[in-house]
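File shown: upload01.tsv. Contents: TSV, C-alpha atoms.
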```
chain	number	residue	atom	x	y	z
A	938	MET	CA	156.11	-263.31	-37.30
A	939	THR	CA	154.20	-262.56	-34.11
A	940	GLU	CA	150.48	-261.88	-33.69
A	941	THR	CA	149.45	-259.02	-31.43
A	942	THR	CA	145.93	-258.59	-30.05
A	943	ILE	CA	144.92	-255.09	-29.02
A	944	GLY	CA	141.92	-254.76	-26.67
A	945	ILE	CA	139.69	-251.72	-26.97
A	946	GLY	CA	137.83	-252.39	-23.71
A	947	GLY	CA	134.13	-252.58	-22.92
A	948	ALA	CA	133.27	-254.40	-26.14
A	949	ALA	CA	132.65	-250.96	-27.68
A	950	GLU	CA	132.22	-252.37	-31.16
A	951	SER	CA	128.94	-254.01	-30.19
A	952	THR	CA	127.63	-251.84	-27.35
A	953	ASP	CA	124.91	-249.23	-27.85
A	954	MET	CA	125.31	-245.95	-26.02
A	955	VAL	CA	122.37	-244.31	-24.26
A	956	LEU	CA	122.55	-240.52	-24.47
A	957	ASN	CA	120.32	-237.97	-22.76
A	958	ILE	CA	119.82	-234.75	-24.73
A	959	GLY	CA	118.37	-232.27	-22.25
A	960	PRO	CA	116.30	-231.37	-20.41
A	961	GLN	CA	118.71	-228.43	-20.06
A	962	HIS	CA	120.33	-228.25	-23.48
A	963	PRO	CA	120.29	-225.54	-26.19
A	964	SER	CA	119.28	-227.93	-28.96
A	965	THR	CA	116.10	-229.07	-27.19
A	966	HIS	CA	114.25	-225.71	-27.54
A	967	GLY	CA	113.41	-225.64	-23.87
A	968	VAL	CA	112.90	-228.08	-21.04
A	969	LEU	CA	112.57	-231.20	-23.19
A	970	ARG	CA	114.52	-234.40	-22.69
A	971	LEU	CA	115.38	-236.79	-25.49
A	972	ARG	CA	116.58	-240.25	-24.53
A	973	ILE	CA	118.37	-241.64	-27.57
A	974	VAL	CA	120.20	-244.90	-28.16
A	975	LEU	CA	123.21	-244.58	-30.44
A	976	ASP	CA	125.17	-247.04	-32.51
A	977	GLY	CA	128.23	-244.97	-33.26
A	978	GLU	CA	126.91	-241.76	-34.83
A	979	ARG	CA	123.57	-243.23	-35.84
A	980	VAL	CA	120.40	-243.04	-33.76
A	981	GLN	CA	118.83	-246.44	-33.14
A	982	HIS	CA	115.97	-245.41	-30.86
A	983	ALA	CA	114.55	-242.10	-29.63
A	984	GLU	CA	112.11	-241.34	-26.85
A	985	PRO	CA	110.93	-237.79	-26.01
A	986	VAL	CA	110.53	-237.46	-22.24
A	987	ILE	CA	108.11	-234.66	-21.43
A	988	GLY	CA	106.59	-233.11	-18.31
A	989	TYR	CA	109.44	-230.99	-16.96
A	990	MET	CA	107.41	-227.80	-17.50
A	991	HIS	CA	104.01	-229.18	-16.51
A	992	ARG	CA	101.98	-226.46	-14.83
A	993	GLY	CA	98.70	-228.35	-14.45
A	994	ALA	CA	96.64	-225.95	-16.57
A	995	GLU	CA	93.79	-228.41	-17.11
A	996	LYS	CA	93.30	-228.86	-13.37
A	997	LEU	CA	93.59	-225.14	-12.70
A	998	PHE	CA	90.81	-224.53	-15.26
A	999	GLU	CA	88.42	-226.28	-12.86
A	1000	ALA	CA	89.08	-223.75	-10.10
A	1001	ARG	CA	88.75	-220.56	-12.19
A	1002	ASP	CA	85.64	-218.92	-13.62
A	1003	TYR	CA	85.08	-218.35	-17.32
A	1004	ARG	CA	86.78	-214.97	-17.29
A	1005	GLN	CA	89.85	-216.19	-15.43
A	1006	ILE	CA	90.54	-219.30	-17.51
A	1007	ILE	CA	91.37	-217.11	-20.52
A	1008	MET	CA	94.51	-216.01	-18.68
A	1009	LEU	CA	95.55	-219.64	-18.14
A	1010	ALA	CA	94.76	-220.66	-21.71
A	1011	ASN	CA	96.87	-218.07	-23.47
A	1012	ARG	CA	100.10	-219.18	-21.78
A	1013	HIS	CA	100.66	-222.79	-22.86
A	1014	ASP	CA	101.90	-221.75	-26.32
A	1015	TRP	CA	103.45	-218.41	-25.47
A	1016	LEU	CA	104.01	-217.61	-29.16
A	1017	SER	CA	100.29	-218.00	-29.98
A	1018	ALA	CA	98.56	-216.38	-27.02
A	1019	PHE	CA	95.71	-214.75	-28.96
A	1020	SER	CA	94.93	-217.98	-30.83
A	1021	ASN	CA	94.92	-219.92	-27.55
A	1022	GLU	CA	92.33	-217.58	-26.07
A	1023	LEU	CA	90.05	-218.07	-29.06
A	1024	GLY	CA	89.47	-221.77	-28.36
A	1025	VAL	CA	88.24	-221.09	-24.82
A	1026	VAL	CA	85.88	-218.22	-25.64
A	1027	MET	CA	84.49	-220.03	-28.69
A	1028	ALA	CA	83.70	-223.10	-26.58
A	1029	VAL	CA	81.91	-221.04	-23.92
A	1030	GLU	CA	80.05	-218.99	-26.54
A	1031	ARG	CA	78.87	-222.18	-28.20
A	1032	MET	CA	77.58	-223.50	-24.88
A	1033	LEU	CA	75.71	-220.23	-24.32
A	1034	GLY	CA	74.40	-220.08	-27.90
A	1035	MET	CA	75.87	-216.58	-28.10
A	1036	GLU	CA	76.29	-214.58	-31.31
A	1037	VAL	CA	79.37	-212.37	-31.45
A	1038	PRO	CA	79.10	-208.88	-33.07
A	1039	GLU	CA	80.35	-208.75	-36.65
A	1040	ARG	CA	83.08	-206.19	-35.92
A	1041	ALA	CA	84.43	-208.48	-33.18
A	1042	VAL	CA	84.46	-211.45	-35.57
A	1043	TRP	CA	86.53	-209.62	-38.18
A	1044	THR	CA	88.83	-208.05	-35.59
A	1045	ARG	CA	89.42	-211.46	-34.02
A	1046	THR	CA	90.30	-212.90	-37.43
A	1047	LEU	CA	92.73	-210.05	-38.11
A	1048	LEU	CA	94.46	-210.44	-34.73
A	1049	ALA	CA	94.62	-214.23	-35.11
A	1050	GLU	CA	96.46	-213.86	-38.42
A	1051	LEU	CA	98.84	-211.24	-37.03
A	1052	ASN	CA	99.54	-213.61	-34.16
A	1053	ARG	CA	100.19	-216.40	-36.70
A	1054	VAL	CA	102.77	-214.23	-38.47
A	1055	LEU	CA	104.47	-213.42	-35.15
A	1056	ASN	CA	104.66	-217.14	-34.31
A	1057	HIS	CA	106.05	-218.14	-37.71
A	1058	LEU	CA	108.62	-215.34	-37.82
A	1059	MET	CA	110.14	-216.66	-34.61
A	1060	PHE	CA	110.70	-220.10	-36.16
A	1061	LEU	CA	111.77	-218.68	-39.54
A	1062	GLY	CA	114.55	-216.87	-37.69
A	1063	SER	CA	115.48	-219.42	-35.03
A	1064	TYR	CA	115.60	-222.53	-37.25
A	1065	PRO	CA	118.53	-221.29	-39.40
A	1066	LEU	CA	120.21	-220.19	-36.16
A	1067	GLU	CA	120.21	-223.78	-34.91
A	1068	LEU	CA	121.92	-224.85	-38.13
A	1069	GLY	CA	124.65	-222.22	-37.77
A	1070	GLY	CA	123.16	-219.16	-39.53
A	1071	ILE	CA	122.84	-216.26	-37.10
A	1072	THR	CA	121.74	-213.47	-39.48
A	1073	PRO	CA	118.07	-214.45	-40.16
A	1074	VAL	CA	117.06	-214.22	-36.51
A	1075	PHE	CA	117.95	-210.51	-36.46
A	1076	HIS	CA	115.68	-209.93	-39.45
A	1077	ALA	CA	112.92	-211.96	-37.80
A	1078	PHE	CA	112.99	-209.91	-34.62
A	1079	ARG	CA	112.89	-206.66	-36.61
A	1080	GLU	CA	109.73	-207.78	-38.44
A	1081	ARG	CA	108.22	-209.13	-35.22
A	1082	GLU	CA	108.78	-205.80	-33.49
A	1083	GLU	CA	106.72	-203.93	-36.08
A	1084	LEU	CA	103.76	-206.25	-35.57
A	1085	GLN	CA	104.27	-206.43	-31.80
A	1086	THR	CA	103.91	-202.65	-31.67
A	1087	VAL	CA	100.39	-202.67	-33.13
A	1088	MET	CA	99.41	-205.73	-31.06
A	1089	GLU	CA	100.60	-204.00	-27.91
A	1090	GLU	CA	98.74	-200.82	-28.84
A	1091	VAL	CA	95.39	-202.58	-29.18
A	1092	SER	CA	95.66	-205.00	-26.26
A	1093	GLY	CA	98.25	-203.64	-23.85
A	1094	GLY	CA	100.24	-206.88	-23.90
A	1095	ARG	CA	103.30	-208.00	-25.86
A	1096	MET	CA	103.00	-211.77	-25.40
A	1097	HIS	CA	99.90	-212.49	-23.33
A	1098	TYR	CA	97.34	-210.24	-24.95
A	1099	MET	CA	94.26	-211.10	-22.85
A	1100	PHE	CA	92.12	-209.32	-25.45
A	1101	ASN	CA	89.44	-211.96	-26.05
A	1102	ARG	CA	86.37	-212.07	-23.86
A	1103	VAL	CA	83.35	-214.35	-23.88
A	1104	GLY	CA	81.04	-212.53	-26.28
A	1105	GLY	CA	83.69	-210.57	-28.16
A	1106	LEU	CA	86.71	-208.46	-27.31
A	1107	LYS	CA	87.91	-206.54	-24.26
A	1108	GLU	CA	87.33	-203.12	-25.86
A	1109	ASP	CA	87.13	-201.33	-29.19
A	1110	ILE	CA	90.23	-200.70	-31.28
A	1111	PRO	CA	92.01	-197.30	-30.98
A	1112	ALA	CA	91.38	-194.52	-33.50
A	1113	GLY	CA	93.63	-194.86	-36.54
A	1114	TRP	CA	94.86	-198.29	-35.47
A	1115	THR	CA	93.84	-200.12	-38.67
A	1116	GLY	CA	95.95	-197.69	-40.71
A	1117	ARG	CA	98.99	-198.39	-38.58
A	1118	VAL	CA	98.36	-202.14	-38.93
A	1119	ARG	CA	98.22	-201.82	-42.71
A	1120	GLU	CA	101.54	-199.95	-42.71
A	1121	ALA	CA	103.14	-202.62	-40.51
A	1122	VAL	CA	101.83	-205.47	-42.69
A	1123	THR	CA	103.09	-203.75	-45.86
A	1124	SER	CA	106.48	-203.12	-44.28
A	1125	VAL	CA	106.88	-206.73	-43.13
A	1126	ARG	CA	105.79	-208.12	-46.50
A	1127	SER	CA	108.34	-205.95	-48.32
A	1128	ARG	CA	111.19	-207.64	-46.45
A	1129	MET	CA	110.04	-211.27	-46.49
A	1130	ASP	CA	112.27	-212.01	-49.50
A	1131	VAL	CA	115.13	-212.15	-46.97
A	1132	TYR	CA	114.08	-215.70	-46.04
A	1133	GLU	CA	113.75	-216.72	-49.68
A	1134	ASN	CA	117.18	-215.41	-50.63
A	1135	LEU	CA	119.22	-215.63	-47.44
A	1136	VAL	CA	117.90	-218.94	-46.11
A	1137	LEU	CA	116.32	-220.99	-48.90
A	1138	GLY	CA	118.95	-219.77	-51.33
A	1139	ASN	CA	121.75	-220.95	-49.05
A	1140	GLU	CA	123.48	-224.14	-50.22
A	1141	ILE	CA	124.44	-225.17	-46.68
A	1142	PHE	CA	120.88	-224.76	-45.39
A	1143	ARG	CA	119.47	-226.82	-48.26
A	1144	GLY	CA	122.16	-229.46	-47.80
A	1145	ARG	CA	121.32	-229.80	-44.10
A	1146	THR	CA	117.53	-230.02	-44.66
A	1147	ARG	CA	116.73	-231.58	-48.04
A	1148	GLY	CA	115.83	-235.25	-47.67
A	1149	ILE	CA	116.41	-235.13	-43.90
A	1150	GLY	CA	113.74	-236.19	-41.41
A	1151	VAL	CA	111.15	-237.36	-43.93
A	1152	LEU	CA	107.74	-237.79	-42.26
A	1153	SER	CA	105.24	-239.88	-44.23
A	1154	ALA	CA	101.56	-239.02	-44.54
A	1155	ASP	CA	100.73	-242.32	-42.82
A	1156	ALA	CA	102.83	-241.32	-39.81
A	1157	VAL	CA	101.10	-237.90	-39.75
A	1158	HIS	CA	97.72	-239.62	-39.43
A	1159	ALA	CA	98.99	-242.18	-36.93
A	1160	TYR	CA	100.42	-239.61	-34.52
A	1161	GLY	CA	97.78	-236.91	-35.00
A	1162	VAL	CA	100.32	-234.45	-36.38
A	1163	SER	CA	98.78	-231.22	-37.68
A	1164	GLY	CA	99.64	-227.73	-38.89
A	1165	PRO	CA	102.49	-226.85	-41.28
A	1166	ILE	CA	104.33	-230.07	-40.38
A	1167	ALA	CA	101.42	-232.23	-41.56
A	1168	ARG	CA	100.86	-230.15	-44.70
A	1169	ALA	CA	104.57	-230.48	-45.59
A	1170	SER	CA	103.94	-234.24	-45.81
A	1171	GLY	CA	101.06	-233.82	-48.24
A	1172	VAL	CA	98.18	-233.88	-45.71
A	1173	ASP	CA	95.91	-231.15	-47.10
A	1174	PHE	CA	94.00	-230.21	-43.94
A	1175	ASP	CA	93.35	-226.75	-42.52
A	1176	LEU	CA	90.43	-226.00	-40.20
A	1177	ARG	CA	90.19	-222.44	-41.51
A	1178	ARG	CA	89.10	-223.87	-44.86
A	1179	ASP	CA	87.64	-227.27	-43.95
A	1180	GLU	CA	85.58	-226.23	-40.90
A	1181	PRO	CA	85.51	-222.43	-41.11
A	1182	TYR	CA	85.19	-220.40	-37.92
A	1183	LEU	CA	85.37	-216.64	-37.28
A	1184	ALA	CA	85.36	-214.95	-40.71
A	1185	TYR	CA	87.38	-217.57	-42.59
A	1186	GLY	CA	84.31	-218.77	-44.51
A	1187	GLU	CA	84.24	-215.38	-46.27
A	1188	LEU	CA	88.00	-215.42	-46.93
A	1189	ARG	CA	88.09	-218.52	-49.13
A	1190	ASP	CA	89.39	-216.58	-52.12
A	1191	THR	CA	92.33	-215.22	-50.11
A	1192	LEU	CA	93.08	-218.24	-47.92
A	1193	LYS	CA	95.68	-220.55	-49.44
A	1194	VAL	CA	96.47	-223.88	-47.80
A	1195	VAL	CA	100.17	-224.46	-48.47
A	1196	THR	CA	101.26	-228.08	-48.94
A	1197	ARG	CA	104.32	-230.03	-50.00
A	1198	THR	CA	104.80	-233.72	-50.70
A	1199	GLU	CA	108.45	-234.24	-49.70
A	1200	GLY	CA	107.81	-234.27	-45.93
A	1201	ASP	CA	111.42	-233.34	-45.11
A	1202	CYS	CA	112.88	-230.50	-43.03
A	1203	LEU	CA	113.15	-228.25	-46.09
A	1204	ALA	CA	109.48	-228.78	-47.00
A	1205	ARG	CA	108.42	-227.89	-43.46
A	1206	PHE	CA	110.36	-224.62	-43.62
A	1207	GLU	CA	108.93	-223.79	-47.06
A	1208	CYS	CA	105.38	-224.40	-45.81
A	1209	LEU	CA	105.98	-222.13	-42.83
A	1210	LEU	CA	107.33	-219.34	-45.05
A	1211	GLU	CA	104.51	-219.49	-47.61
A	1212	GLN	CA	101.90	-219.67	-44.87
A	1213	THR	CA	103.37	-216.50	-43.32
A	1214	LEU	CA	102.99	-214.66	-46.62
A	1215	ASN	CA	99.39	-215.85	-46.94
A	1216	SER	CA	98.60	-214.69	-43.40
A	1217	LEU	CA	99.77	-211.19	-44.36
A	1218	ASP	CA	97.34	-211.32	-47.30
A	1219	LEU	CA	94.54	-212.45	-44.97
A	1220	ALA	CA	95.33	-209.56	-42.62
A	1221	ASP	CA	94.94	-207.11	-45.52
A	1222	ALA	CA	91.61	-208.70	-46.47
A	1223	CYS	CA	90.37	-208.32	-42.87
A	1224	LEU	CA	91.44	-204.67	-42.82
A	1225	ASP	CA	89.52	-204.06	-46.07
A	1226	ARG	CA	86.38	-205.60	-44.59
A	1227	LEU	CA	86.70	-203.70	-41.28
A	1228	ALA	CA	86.99	-200.44	-43.20
A	1229	GLY	CA	83.58	-201.10	-44.77
A	1230	LEU	CA	81.74	-202.01	-41.55
A	1231	GLU	CA	79.50	-199.57	-39.76
A	1232	PRO	CA	80.50	-198.54	-36.22
A	1233	GLY	CA	79.08	-200.89	-33.63
A	1234	PRO	CA	79.78	-202.94	-30.52
A	1235	VAL	CA	82.67	-205.41	-30.22
A	1236	ASN	CA	81.25	-207.46	-27.35
A	1237	GLN	CA	78.06	-208.66	-25.69
A	1238	ARG	CA	76.89	-207.53	-22.29
A	1239	LEU	CA	77.42	-210.34	-19.78
A	1240	PRO	CA	75.93	-211.00	-16.35
A	1241	LYS	CA	78.11	-210.32	-13.33
A	1242	VAL	CA	78.40	-214.06	-12.70
A	1243	LEU	CA	78.76	-216.00	-15.96
A	1244	LYS	CA	77.56	-219.60	-15.90
A	1245	ALA	CA	77.62	-221.98	-18.85
A	1246	PRO	CA	74.56	-224.28	-19.11
A	1247	GLU	CA	74.97	-227.97	-18.31
A	1248	GLY	CA	76.39	-229.95	-21.19
A	1249	HIS	CA	79.58	-230.39	-23.17
A	1250	THR	CA	81.14	-229.14	-26.39
A	1251	TYR	CA	84.39	-229.27	-28.34
A	1252	ALA	CA	85.85	-226.20	-30.04
A	1253	TRP	CA	88.96	-226.44	-32.18
A	1254	THR	CA	90.95	-223.87	-34.09
A	1255	GLU	CA	93.82	-223.87	-36.58
A	1256	ASN	CA	96.54	-222.48	-34.33
A	1257	PRO	CA	99.87	-221.43	-35.84
A	1258	LEU	CA	101.47	-224.76	-34.82
A	1259	GLY	CA	98.49	-226.97	-35.66
A	1260	VAL	CA	95.08	-228.02	-34.37
A	1261	ASN	CA	94.25	-226.69	-30.91
A	1262	GLY	CA	91.10	-228.02	-29.25
A	1263	TYR	CA	89.17	-227.46	-26.04
A	1264	TYR	CA	86.71	-230.05	-24.74
A	1265	LEU	CA	84.49	-228.23	-22.25
A	1266	VAL	CA	82.19	-230.02	-19.80
A	1267	SER	CA	79.85	-227.88	-17.69
A	1268	LYS	CA	77.62	-228.72	-14.74
A	1269	GLY	CA	75.93	-225.33	-14.88
A	1270	GLU	CA	78.38	-223.67	-12.50
A	1271	LYS	CA	80.56	-220.57	-12.94
A	1272	THR	CA	83.65	-222.77	-13.35
A	1273	PRO	CA	84.19	-225.59	-15.88
A	1274	TYR	CA	83.62	-229.10	-14.54
A	1275	ARG	CA	86.32	-230.24	-16.99
A	1276	LEU	CA	88.31	-228.49	-19.69
A	1277	LYS	CA	90.56	-230.80	-21.67
A	1278	LEU	CA	93.19	-229.20	-23.88
A	1279	ARG	CA	94.35	-230.79	-27.12
A	1280	SER	CA	97.54	-228.90	-27.99
A	1281	ALA	CA	99.32	-229.10	-31.35
A	1282	SER	CA	102.87	-229.50	-30.05
A	1283	PHE	CA	101.95	-232.45	-27.80
A	1284	ASN	CA	100.99	-234.59	-30.79
A	1285	ASN	CA	103.61	-233.23	-33.17
A	1286	ILE	CA	106.53	-234.02	-30.87
A	1287	GLN	CA	105.54	-237.70	-30.63
A	1288	ALA	CA	106.57	-238.09	-34.27
A	1289	LEU	CA	110.21	-237.90	-33.14
A	1290	THR	CA	110.04	-241.60	-32.28
A	1291	GLU	CA	109.40	-242.16	-36.01
A	1292	LEU	CA	111.74	-239.52	-37.42
A	1293	LEU	CA	114.98	-239.90	-35.46
A	1294	PRO	CA	115.82	-243.65	-35.70
A	1295	GLY	CA	118.25	-244.26	-38.54
A	1296	THR	CA	119.48	-240.67	-38.72
A	1297	LEU	CA	122.86	-239.26	-37.73
A	1298	VAL	CA	123.36	-237.30	-34.52
A	1299	SER	CA	124.31	-234.26	-36.61
A	1300	ASP	CA	120.88	-234.37	-38.29
A	1301	MET	CA	119.03	-234.66	-34.98
A	1302	VAL	CA	119.13	-230.91	-34.35
A	1303	ALA	CA	117.88	-230.19	-37.88
A	1304	ILE	CA	114.95	-232.57	-37.43
A	1305	LEU	CA	114.10	-231.39	-33.93
A	1306	GLY	CA	114.08	-227.74	-34.99
A	1307	SER	CA	111.88	-228.42	-38.01
A	1308	LEU	CA	109.01	-229.63	-35.82
A	1309	PHE	CA	108.39	-226.02	-34.68
A	1310	PHE	CA	107.09	-226.77	-31.19
A	1311	VAL	CA	106.76	-224.85	-27.93
A	1312	VAL	CA	107.56	-226.88	-24.81
A	1313	GLY	CA	104.80	-225.25	-22.75
A	1314	ASP	CA	102.36	-226.39	-25.45
A	1315	ILE	CA	103.57	-229.96	-24.95
A	1316	ASP	CA	103.41	-230.00	-21.16
A	1317	LYS	CA	100.31	-227.79	-20.74
```
Go ahead and render the structure in this file as structure tokens.
Amino acid sequence: MTETTIGIGGAAESTDMVLNIGPQHPSTHGVLRLRIVLDGERVQHAEPVIGYMHRGAEKLFEARDYRQIIMLANRHDWLSAFSNELGVVMAVERMLGMEVPERAVWTRTLLAELNRVLNHLMFLGSYPLELGGITPVFHAFREREELQTVMEEVSGGRMHYMFNRVGGLKEDIPAGWTGRVREAVTSVRSRMDVYENLVLGNEIFRGRTRGIGVLSADAVHAYGVSGPIARASGVDFDLRRDEPYLAYGELRDTLKVVTRTEGDCLARFECLLEQTLNSLDLADACLDRLAGLEPGPVNQRLPKVLKAPEGHTYAWTENPLGVNGYYLVSKGEKTPYRLKLRSASFNNIQALTELLPGTLVSDMVAILGSLFFVVGDIDK
């Protein structure tokens, strides 16, 4: 009887492997790099490495006047351009002590909710795609196109609307536009059961997402996570209800803050879907109110050179992906002295260091996709 020893080389049985996912990789949703340490198929450590898309928006704010910075602001989260603009104009209006006309307030609220639906539809379609289901993304783009048509009609833009102005909106809405919006909202709502039946009713989708990537409420608070991701972990916080801005204070009966307690990938998708349906209801409520308003202005007359008084303020909004805040410091000039951006995706993505360790590599894509982030929103 002879004993044979077979060497496997490199002491592989006890050596961790360092793997870089990205920054150029389909599963990273853009130019994001994940540095993960693996023990076999299980993730031991994960570190998101950001900054590959950094465009220096906060520094550029300091060299642009208060009309020009709106253009910079609407680009960091390119799926939420209208909502991004709101934070800037609200901060400047607060510094000026400016009241916005009522028709502008309700129109802003309507457009913000339509923009929220557009944002969520993208993730409702793309998330199943990352898990192997190609059909939902075709439905999502069909619904998006109906809403994009009315957004393009009113603003002239398809992604970067540039429709907000300090003091209101760029111009009044076209004749008959609210009727076309109502038709688009009704049409989109009539087909939203696709995601309930085709996605949530799919055994494979539920198997890949239920119990995967559980984020605790304590971790949500520790990392400053917000938006649908935080609410899926039981954190019942929504600025539209808790610190109302625009017309949300008058929409309390329609506004529904969707929460779950499971905190897993499935709960995050369910929150996103229910929030989309509620945004369609909010859009209808805004249309009803606009129909009852008397004709009037949608903006305030501004001086040729707009200067914010010396001081500082912080304006935050409930963007589609979470809390978006602008800290504005003014020295009384026509440009901001400092404009610090608090973006939702930047905080949300940090939770990966908590979510990924202990999971399998095959679950990494499911967890990453369920955080619903935009890389430009991370890198600003």
### Message
Can you tell me which residues surround Met1088 of chain A at a distance of at most 10 Å, considering only C-alpha atoms, apart from same-chain residues fewer than 2 positions away, and format the answer as a list in words?
### Response
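Near Met1088 of chain A, the qualifying residues are Phe1019, Leu1048, Leu1051, Asn1052, Glu1082, Glu1083, Leu1084, Gln1085, Thr1086, Glu1090, Val1091, Ser1092, Gly1093, Gly1094, Arg1095, Met1096, Tyr1098, Phe1100, Trp1114 and Val1118 of chain A.
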### d(atom CA of Arg1147 of chain A, atom CA of Arg1081 of chain A) in Å
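Separation of atom CA of Arg1147 of chain A and atom CA of Arg1081 of chain A: 27.2 Å.
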### Query
Pick from A:Ala994, A:Gly1233, A:Leu1243, A:Thr1296: nearest to Glu1039 of chain A, with all atoms listed in the file counted?
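Ranking A:Ala994, A:Gly1233, A:Leu1243, A:Thr1296 by distance to Glu1039 of chain A, first place goes to A:Gly1233.
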## Note on the structure
For Phe1060 of chain A, the closest of A:Leu1192, A:Leu1209, A:Ile987, A:Ala1245 counting only C-alpha atoms is A:Leu1209
Using all atoms listed in the file, what does the table of segment 942-1037 of chain A residues within 12 Å of segment 1178-1184 of chain A look like, with each row giving the shortest atom pair and its distance in Å to one decimal, sorted by chain and ascending number, as JSON lines?
```
{"residue": "A:Ser1020", "atom": "CA", "partner": "A:Leu1183", "partner_atom": "CA", "distance": 11.6}
{"residue": "A:Leu1023", "atom": "CA", "partner": "A:Leu1183", "partner_atom": "CA", "distance": 9.6}
{"residue": "A:Gly1024", "atom": "CA", "partner": "A:Tyr1182", "partner_atom": "CA", "distance": 10.6}
{"residue": "A:Val1026", "atom": "CA", "partner": "A:Leu1183", "partner_atom": "CA", "distance": 11.8}
{"residue": "A:Met1027", "atom": "CA", "partner": "A:Tyr1182", "partner_atom": "CA", "distance": 9.3}
{"residue": "A:Ala1028", "atom": "CA", "partner": "A:Tyr1182", "partner_atom": "CA", "distance": 11.8}
{"residue": "A:Arg1031", "atom": "CA", "partner": "A:Tyr1182", "partner_atom": "CA", "distance": 11.7}
{"residue": "A:Glu1036", "atom": "CA", "partner": "A:Leu1183", "partner_atom": "CA", "distance": 11.1}
{"residue": "A:Val1037", "atom": "CA", "partner": "A:Leu1183", "partner_atom": "CA", "distance": 9.4}
```
### Task
Find the residues near segment 1011-1016 of chain A: any atom within 12 Å, counting all atoms listed in the file, skip ones fewer than 6 places away on the same chain, and give them as a VMD selection string.
chain A and resid 990 to 995 1005 1022 to 1026 1049 1051 to 1060 1081 1085 1094 to 1101 1256 to 1259 1261 1278 to 1283 1309 to 1317
Could those selected residues go to a file with C-alpha atoms, as a CSV table (one decimal), in the frame of the given file?
```
chain,number,residue,atom,x,y,z
A,990,MET,CA,107.4,-227.8,-17.5
A,991,HIS,CA,104.0,-229.2,-16.5
A,992,ARG,CA,102.0,-226.5,-14.8
A,993,GLY,CA,98.7,-228.4,-14.4
A,994,ALA,CA,96.6,-226.0,-16.6
A,995,GLU,CA,93.8,-228.4,-17.1
A,1005,GLN,CA,89.8,-216.2,-15.4
A,1022,GLU,CA,92.3,-217.6,-26.1
A,1023,LEU,CA,90.0,-218.1,-29.1
A,1024,GLY,CA,89.5,-221.8,-28.4
A,1025,VAL,CA,88.2,-221.1,-24.8
A,1026,VAL,CA,85.9,-218.2,-25.6
A,1049,ALA,CA,94.6,-214.2,-35.1
A,1051,LEU,CA,98.8,-211.2,-37.0
A,1052,ASN,CA,99.5,-213.6,-34.2
A,1053,ARG,CA,100.2,-216.4,-36.7
A,1054,VAL,CA,102.8,-214.2,-38.5
A,1055,LEU,CA,104.5,-213.4,-35.2
A,1056,ASN,CA,104.7,-217.1,-34.3
A,1057,HIS,CA,106.0,-218.1,-37.7
A,1058,LEU,CA,108.6,-215.3,-37.8
A,1059,MET,CA,110.1,-216.7,-34.6
A,1060,PHE,CA,110.7,-220.1,-36.2
A,1081,ARG,CA,108.2,-209.1,-35.2
A,1085,GLN,CA,104.3,-206.4,-31.8
A,1094,GLY,CA,100.2,-206.9,-23.9
A,1095,ARG,CA,103.3,-208.0,-25.9
A,1096,MET,CA,103.0,-211.8,-25.4
A,1097,HIS,CA,99.9,-212.5,-23.3
A,1098,TYR,CA,97.3,-210.2,-25.0
A,1099,MET,CA,94.3,-211.1,-22.8
A,1100,PHE,CA,92.1,-209.3,-25.4
A,1101,ASN,CA,89.4,-212.0,-26.0
A,1256,ASN,CA,96.5,-222.5,-34.3
A,1257,PRO,CA,99.9,-221.4,-35.8
A,1258,LEU,CA,101.5,-224.8,-34.8
A,1259,GLY,CA,98.5,-227.0,-35.7
A,1261,ASN,CA,94.2,-226.7,-30.9
A,1278,LEU,CA,93.2,-229.2,-23.9
A,1279,ARG,CA,94.4,-230.8,-27.1
A,1280,SER,CA,97.5,-228.9,-28.0
A,1281,ALA,CA,99.3,-229.1,-31.4
A,1282,SER,CA,102.9,-229.5,-30.0
A,1283,PHE,CA,102.0,-232.4,-27.8
A,1309,PHE,CA,108.4,-226.0,-34.7
A,1310,PHE,CA,107.1,-226.8,-31.2
A,1311,VAL,CA,106.8,-224.8,-27.9
A,1312,VAL,CA,107.6,-226.9,-24.8
A,1313,GLY,CA,104.8,-225.2,-22.8
A,1314,ASP,CA,102.4,-226.4,-25.4
A,1315,ILE,CA,103.6,-230.0,-25.0
A,1316,ASP,CA,103.4,-230.0,-21.2
A,1317,LYS,CA,100.3,-227.8,-20.7
```
### Task
Please work out which residues fall within 10 Å of (79.3, -215.7, -28.9), coordinates as given in the file, with all atoms listed in the file counting, and return them as a list in words.
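Counting all atoms listed in the file, I find these residues within 10 Å of (79.3, -215.7, -28.9): Val1026, Met1027, Ala1028, Val1029, Glu1030, Arg1031, Met1032, Leu1033, Gly1034, Met1035, Glu1036, Val1037, Pro1038, Ala1041, Val1042, Arg1102, Val1103, Gly1104, Gly1105, Asn1236 and Gln1237 of chain A.
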Next, dump the selected residues to file, keeping only C-alpha atoms, as a compact mmCIF listing (two decimals), in the coordinates of the input.
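Output file result09.txt follows:
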```txt
# COMPACT_ATOMS: atom_id res chain seq x y z
CA VAL A 1026 85.88 -218.22 -25.64
CA MET A 1027 84.49 -220.03 -28.69
CA ALA A 1028 83.70 -223.10 -26.58
CA VAL A 1029 81.91 -221.04 -23.92
CA GLU A 1030 80.05 -218.99 -26.54
CA ARG A 1031 78.87 -222.18 -28.20
CA MET A 1032 77.58 -223.50 -24.88
CA LEU A 1033 75.71 -220.23 -24.32
CA GLY A 1034 74.40 -220.08 -27.90
CA MET A 1035 75.87 -216.58 -28.10
CA GLU A 1036 76.29 -214.58 -31.31
CA VAL A 1037 79.37 -212.37 -31.45
CA PRO A 1038 79.10 -208.88 -33.07
CA ALA A 1041 84.43 -208.48 -33.18
CA VAL A 1042 84.46 -211.45 -35.57
CA ARG A 1102 86.37 -212.07 -23.86
CA VAL A 1103 83.35 -214.35 -23.88
CA GLY A 1104 81.04 -212.53 -26.28
CA GLY A 1105 83.69 -210.57 -28.16
CA ASN A 1236 81.25 -207.46 -27.35
CA GLN A 1237 78.06 -208.66 -25.69
```
